[in-house]
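Colleague: Data: model13.txt, compact mmCIF, C-alpha atoms.
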```txt
# COMPACT_ATOMS: atom_id res chain seq x y z
CA MET A 203 -60.65 -2.24 5.25
CA ALA A 204 -59.33 -1.41 1.80
CA ASP A 205 -55.90 0.12 1.27
CA SER A 206 -57.65 3.24 0.02
CA ASP A 207 -59.09 3.83 3.51
CA TYR A 208 -55.71 4.13 5.26
CA GLU A 209 -54.25 5.99 2.29
CA ALA A 210 -57.08 8.54 2.40
CA SER A 211 -56.48 9.14 6.11
CA TYR A 212 -52.74 9.38 5.50
CA ASN A 213 -53.23 11.94 2.73
CA ILE A 214 -55.42 14.06 5.00
CA GLY A 215 -52.61 13.90 7.57
CA VAL A 216 -50.13 15.11 4.97
CA PHE A 217 -52.48 17.96 4.07
CA TYR A 218 -52.70 19.15 7.67
CA GLN A 219 -48.98 18.70 8.23
CA GLN A 220 -48.29 20.94 5.24
CA LEU A 221 -50.63 23.52 6.82
CA GLU A 222 -48.59 23.12 10.04
CA ASP A 223 -51.69 21.99 11.91
CA TYR A 224 -49.81 19.25 13.72
CA LYS A 225 -52.63 18.23 16.06
CA LEU A 226 -54.93 17.34 13.19
CA ALA A 227 -52.06 15.79 11.25
CA GLU A 228 -51.32 13.59 14.26
CA PHE A 229 -54.99 12.59 14.49
CA TRP A 230 -55.19 11.52 10.84
CA TYR A 231 -51.86 9.72 10.81
CA LYS A 232 -52.95 7.71 13.85
CA LYS A 233 -56.26 6.96 12.15
CA SER A 234 -54.33 5.74 9.10
CA TRP A 235 -52.10 3.62 11.33
CA ASN A 236 -55.05 2.09 13.15
CA ILE A 237 -56.70 1.11 9.86
CA SER A 238 -53.53 -0.48 8.53
CA GLN A 239 -50.09 -0.26 10.12
CA ASN A 240 -47.95 1.52 7.53
CA LYS A 241 -44.44 2.94 7.57
CA ASP A 242 -45.35 6.36 6.14
CA SER A 243 -47.81 7.23 8.90
CA ALA A 244 -45.41 5.91 11.53
CA PHE A 245 -42.51 7.94 10.17
CA ASN A 246 -44.54 11.15 9.92
CA LEU A 247 -45.79 10.69 13.48
CA GLY A 248 -42.15 10.39 14.50
CA GLN A 249 -41.43 13.65 12.68
CA ILE A 250 -44.28 15.44 14.44
CA TYR A 251 -43.19 14.24 17.88
CA LYS A 252 -39.57 15.10 17.14
CA ARG A 253 -40.63 18.58 16.05
CA ASN A 254 -42.53 18.99 19.33
CA ASN A 255 -39.47 17.80 21.25
CA ASN A 256 -41.26 14.68 22.46
CA ILE A 257 -38.20 12.58 21.73
CA ASN A 258 -39.32 9.39 23.47
CA LYS A 259 -42.52 9.24 21.42
CA ALA A 260 -40.56 10.08 18.28
CA ILE A 261 -38.31 7.09 19.00
CA GLN A 262 -41.33 4.80 19.38
CA TRP A 263 -42.74 5.78 16.00
CA TYR A 264 -39.41 5.80 14.18
CA LYS A 265 -38.88 2.24 15.44
CA LYS A 266 -42.29 1.21 14.11
CA ALA A 267 -41.45 2.79 10.76
CA SER A 268 -38.06 1.09 10.66
CA GLN A 269 -39.59 -2.30 11.46
CA LEU A 270 -41.83 -1.85 8.42
CA GLY A 271 -38.88 -1.05 6.16
CA ASP A 272 -38.50 2.73 6.37
CA ASN A 273 -34.86 3.77 6.05
CA SER A 274 -35.27 7.34 7.30
CA GLY A 275 -36.65 6.06 10.59
CA ALA A 276 -33.57 3.92 11.20
CA PHE A 277 -31.23 6.76 10.24
CA LEU A 278 -32.95 9.32 12.46
CA LEU A 279 -32.87 6.91 15.39
CA GLY A 280 -29.11 6.90 14.97
CA VAL A 281 -29.07 10.70 14.95
CA ILE A 282 -31.25 10.92 18.08
CA TYR A 283 -29.23 8.39 20.06
CA GLU A 284 -25.99 10.10 19.06
CA ASN A 285 -26.96 13.74 19.51
CA ASN A 286 -29.77 13.75 22.07
CA PHE A 287 -28.74 10.95 24.40
CA LYS A 288 -25.02 10.42 23.64
CA LYS A 289 -25.76 6.68 23.53
CA TYR A 290 -23.13 5.94 20.94
CA ASN A 291 -23.45 2.16 20.87
CA GLU A 292 -27.18 2.50 20.24
CA ALA A 293 -26.50 5.12 17.55
CA ILE A 294 -24.00 2.78 15.89
CA LYS A 295 -26.61 -0.01 15.90
CA TRP A 296 -29.17 2.10 14.07
CA TYR A 297 -26.72 3.67 11.63
CA LYS A 298 -25.50 0.19 10.75
CA LYS A 299 -29.06 -1.00 10.25
CA SER A 300 -29.68 1.96 7.96
CA TYR A 301 -26.58 1.13 5.95
CA ASN A 302 -26.84 -2.66 5.93
CA HIS A 303 -30.51 -2.70 4.94
CA PHE A 304 -30.71 0.37 2.74
CA LYS A 305 -27.10 1.25 1.78
CA ASP A 306 -27.66 4.75 3.16
CA LYS A 307 -24.59 6.88 2.43
CA ASP A 308 -25.44 9.39 5.17
CA ALA A 309 -25.54 6.59 7.74
CA ALA A 310 -22.09 5.42 6.61
CA ASN A 311 -20.74 8.98 6.74
CA ASN A 312 -22.18 9.51 10.22
CA LEU A 313 -20.54 6.29 11.37
CA GLY A 314 -17.26 7.63 10.03
CA LEU A 315 -17.73 10.85 12.00
CA LEU A 316 -18.77 9.02 15.15
CA TYR A 317 -15.76 6.71 15.08
CA LYS A 318 -13.48 9.65 14.30
CA ASN A 319 -14.77 11.49 17.36
CA GLN A 320 -14.07 8.34 19.39
CA LYS A 321 -10.52 8.37 17.96
CA ASP A 322 -11.04 5.00 16.26
CA TYR A 323 -9.53 6.24 13.03
CA LYS A 324 -9.31 2.89 11.25
CA LYS A 325 -13.03 2.23 11.69
CA SER A 326 -13.68 5.81 10.68
CA GLU A 327 -11.70 5.22 7.49
CA VAL A 328 -13.68 2.05 6.72
CA TRP A 329 -17.05 3.77 7.02
CA TYR A 330 -16.06 6.89 5.15
CA LYS A 331 -14.96 4.65 2.29
CA LYS A 332 -18.33 2.89 2.29
CA ALA A 333 -20.01 6.30 2.07
CA VAL A 334 -17.71 7.38 -0.77
CA GLU A 335 -18.62 4.22 -2.67
CA ARG A 336 -22.25 5.38 -2.39
CA GLU A 337 -21.26 8.80 -3.85
CA SER A 338 -21.21 10.83 -0.62
CA LEU A 339 -19.43 14.14 -1.23
CA ASP A 340 -19.34 14.84 2.52
CA ALA A 341 -17.46 11.58 3.02
CA LEU A 342 -14.93 12.52 0.32
CA LYS A 343 -14.16 15.68 2.27
CA ASN A 344 -14.16 13.95 5.66
CA LEU A 345 -11.92 11.14 4.44
CA GLY A 346 -9.44 13.58 2.97
CA ARG A 347 -9.27 15.45 6.26
CA LEU A 348 -8.94 12.18 8.20
CA TYR A 349 -5.93 11.16 6.12
CA HIS A 350 -4.27 14.56 6.47
CA TYR A 351 -4.90 15.33 10.13
CA LYS A 352 -5.12 11.91 11.78
CA LEU A 353 -3.57 9.23 9.57
CA GLN A 354 -0.76 11.45 8.22
CA ASP A 355 -1.07 10.17 4.65
CA ASP A 356 -1.15 13.20 2.40
CA VAL A 357 -1.21 11.31 -0.89
CA GLN A 358 -4.41 9.60 0.25
CA ALA A 359 -5.73 12.92 1.57
CA VAL A 360 -5.26 14.45 -1.88
CA THR A 361 -6.79 11.38 -3.54
CA TYR A 362 -10.16 12.05 -1.96
CA PHE A 363 -10.00 15.84 -1.89
CA ILE A 364 -9.23 16.01 -5.62
CA ALA A 365 -12.51 14.21 -6.37
CA LEU A 366 -14.37 17.17 -4.83
CA ILE A 367 -13.36 19.33 -7.79
CA ASN A 368 -16.46 20.34 -9.76
CA ASN A 369 -18.60 18.07 -7.57
CA LYS A 370 -18.58 20.30 -4.50
CA TYR A 371 -15.93 23.00 -4.99
CA PRO A 372 -14.16 24.68 -7.92
CA LYS A 373 -10.67 23.48 -8.87
CA LYS A 374 -8.99 26.71 -7.79
CA ARG A 375 -10.38 26.48 -4.27
CA ILE A 376 -9.34 22.84 -3.76
CA LEU A 377 -5.81 23.37 -5.06
CA SER A 378 -5.41 26.55 -3.02
CA TYR A 379 -6.54 24.74 0.13
CA MET A 380 -4.07 21.90 -0.36
CA ARG A 381 -1.16 24.19 -1.22
CA GLU A 382 -1.75 26.99 1.28
CA ASP A 383 -3.57 25.36 4.21
CA TRP A 384 -2.05 21.90 4.06
CA LYS A 385 1.30 23.17 2.67
CA LEU A 386 1.54 20.27 0.24
CA PRO A 387 4.15 20.23 -2.53
CA CYS A 388 3.09 19.86 -6.16
CA SER A 389 4.61 16.36 -6.27
CA THR A 390 2.27 15.12 -3.51
CA ILE A 391 -0.74 16.69 -5.20
CA GLN A 392 0.20 15.07 -8.50
CA LYS A 393 0.57 11.65 -6.85
CA GLY A 394 -2.81 12.06 -5.19
CA TYR A 395 -4.39 13.05 -8.50
CA GLN A 396 -3.07 9.90 -10.17
CA ALA A 397 -4.18 7.76 -7.22
CA GLN A 398 -7.66 9.25 -7.55
CA LEU A 399 -7.83 8.26 -11.22
CA ASN A 400 -6.90 4.68 -10.30
CA SER A 401 -9.04 4.45 -7.16
CA LYS A 402 -11.34 1.45 -6.78
CA ILE A 403 -13.27 3.28 -4.05
CA ILE A 404 -14.21 6.54 -5.76
CA PRO A 405 -17.03 6.07 -8.31
CA GLU A 406 -16.04 6.94 -11.88
CA LYS A 407 -18.70 9.64 -12.12
CA LEU A 408 -17.09 11.53 -9.20
CA LYS A 409 -13.49 11.39 -10.41
CA TYR A 410 -11.85 14.60 -11.56
CA LYS A 411 -10.02 13.97 -14.85
CA GLY A 412 -9.10 17.47 -15.94
CA GLY A 413 -5.44 17.45 -14.88
CA ILE A 414 -3.63 19.52 -12.26
```
Take the structure from the file and write it as structure tokens.
Modeller:
Amino acid sequence: MADSDYEASYNIGVFYQQLEDYKLAEFWYKKSWNISQNKDSAFNLGQIYKRNNNINKAIQWYKKASQLGDNSGAFLLGVIYENNFKKYNEAIKWYKKSYNHFKDKDAANNLGLLYKNQKDYKKSEVWYKKAVERESLDALKNLGRLYHYKLQDDVQAVTYFIALINNKYPKKRILSYMREDWKLPCSTIQKGYQAQLNSKIIPEKLKYKGGI
């Protein structure tokens, strides 16, 4: 059959999904899939089953979507294995696939969080940095906190926190947090600011260059 046949069925599925008629959406996505196996129908079927708490079926369809090149399917498999089943090695596998194939910053950030929770702080650092390189603001924050609370390197903590200024938080809030919550002296903050300007990890567009 022509591509237009599976696309027409897929579009009808989208229509019903938007109306929150998930039974009919499921029917049309499956019809689209049966005409021509496609990642969009597979992913949306995964979403419907996940919404209905049918996690095992969601996994089946996310895997089909991922095999056809859908990044979100791989990422959400990581989320499911981490949060629903606590199968951390399986979660790591899917997050890594999401990052290695699609350079997904959220997958890298989630790997950083997962390794941090496992107290593997060096691996956590590595993955947060990969996420920062892909412009993840969450990873900037998480990496700063990792350096302060776990790796005891406050200059590096400031380096990544400073880059949050105007990207996620106002300058006043960031400086207040570092001075009052972290109790950091001005000299440490200044060193971190300079290190941020010279960082090879933080993208230029994220760097704060307005002075302290």
Colleague: As a PDB file with C-alpha atoms, in the coordinates of the input, please: the residues near Ala276 of chain A (cut-off 8 Å, all atoms listed in the file, same-chain neighbours under 6 positions excluded).
Modeller:
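And here's out08.pdb as it stands now:
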```pdb
ATOM      1  CA  TYR A 264     -39.410   5.800  14.180  1.00  0.00           C
ATOM      2  CA  LYS A 265     -38.880   2.240  15.440  1.00  0.00           C
ATOM      3  CA  ALA A 267     -41.450   2.790  10.760  1.00  0.00           C
ATOM      4  CA  SER A 268     -38.060   1.090  10.660  1.00  0.00           C
ATOM      5  CA  TRP A 296     -29.170   2.100  14.070  1.00  0.00           C
ATOM      6  CA  TYR A 297     -26.720   3.670  11.630  1.00  0.00           C
ATOM      7  CA  LYS A 299     -29.060  -1.000  10.250  1.00  0.00           C
ATOM      8  CA  SER A 300     -29.680   1.960   7.960  1.00  0.00           C
TER       9      SER A 300
END
```
Colleague: How far is it from atom CA of Ile294 of chain A to atom CA of Gln239 of chain A, in Å with one decimal?
Modeller: 26.9 Å
Colleague: Between atom CA of Lys259 of chain A and atom CA of Gln220 of chain A, what is the distance in Å, rounded to a tenth?
Modeller: 20.8 Å
Colleague: Could you check how far atom CA of Lys232 of chain A sits from atom CA of Leu247 of chain A, in Å to one decimal?
Modeller: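 About the pair atom CA of Lys232 of chain A and atom CA of Leu247 of chain A: they are 7.8 Å apart.
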Colleague: Quick one: residues within 12 Å of segment 399-401 of chain A, only C-alpha atoms, excluding same-chain residues fewer than 2 positions away - as a PyMOL selection string?
Modeller: chain A and resi 331+334-335+358+360-362+364-365+392-397+403-413
Colleague: So, with only C-alpha atoms as the atoms that count, which of A:Ser243, A:Asn256, A:Ser238, A:Asn285 lies closest to Tyr212 of chain A?
Modeller: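 Going through A:Ser243, A:Asn256, A:Ser238, A:Asn285 one by one, the smallest distance to Tyr212 of chain A is for A:Ser243.
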Colleague: From the set A:Lys233, A:Lys225, A:Lys373, A:Lys385, which residue has the shortest atom-to-atom contact distance to Tyr251 of chain A, counting all atoms listed in the file?
Modeller: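 So, comparing all the options, the nearest one is A:Lys225.
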Colleague: Starting from the incomplete input, reconstruct N, CA and C atoms of segment 300-312 of chain A and write that as a short mmCIF file (atom, residue, chain, number, x, y, z; two decimals), in the coordinates of the input.
Modeller:
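Just written: out38.cif:
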```cif
data_model
loop_
_atom_site.label_atom_id
_atom_site.label_comp_id
_atom_site.auth_asym_id
_atom_site.auth_seq_id
_atom_site.Cartn_x
_atom_site.Cartn_y
_atom_site.Cartn_z
N SER A 300 -29.35 1.10 9.10
CA SER A 300 -29.68 1.96 7.96
C SER A 300 -28.78 1.65 6.77
N TYR A 301 -27.49 1.44 7.06
CA TYR A 301 -26.58 1.13 5.95
C TYR A 301 -26.76 -0.30 5.45
N ASN A 302 -26.80 -1.25 6.35
CA ASN A 302 -26.84 -2.66 5.93
C ASN A 302 -28.13 -3.02 5.19
N HIS A 303 -29.22 -2.39 5.58
CA HIS A 303 -30.51 -2.70 4.94
C HIS A 303 -30.79 -1.83 3.73
N PHE A 304 -30.31 -0.58 3.76
CA PHE A 304 -30.71 0.37 2.74
C PHE A 304 -29.54 1.03 2.02
N LYS A 305 -28.30 0.67 2.39
CA LYS A 305 -27.10 1.25 1.78
C LYS A 305 -27.12 2.78 1.85
N ASP A 306 -27.53 3.31 2.98
CA ASP A 306 -27.66 4.75 3.16
C ASP A 306 -26.28 5.39 3.33
N LYS A 307 -25.92 6.25 2.40
CA LYS A 307 -24.59 6.88 2.43
C LYS A 307 -24.43 7.82 3.62
N ASP A 308 -25.53 8.48 4.03
CA ASP A 308 -25.44 9.39 5.17
C ASP A 308 -25.20 8.62 6.47
N ALA A 309 -25.78 7.43 6.57
CA ALA A 309 -25.54 6.59 7.74
C ALA A 309 -24.07 6.18 7.80
N ALA A 310 -23.51 5.80 6.65
CA ALA A 310 -22.09 5.42 6.61
C ALA A 310 -21.20 6.61 6.96
N ASN A 311 -21.53 7.78 6.43
CA ASN A 311 -20.74 8.98 6.74
C ASN A 311 -20.83 9.33 8.22
N ASN A 312 -22.03 9.23 8.79
CA ASN A 312 -22.18 9.51 10.22
C ASN A 312 -21.42 8.52 11.09
#
```
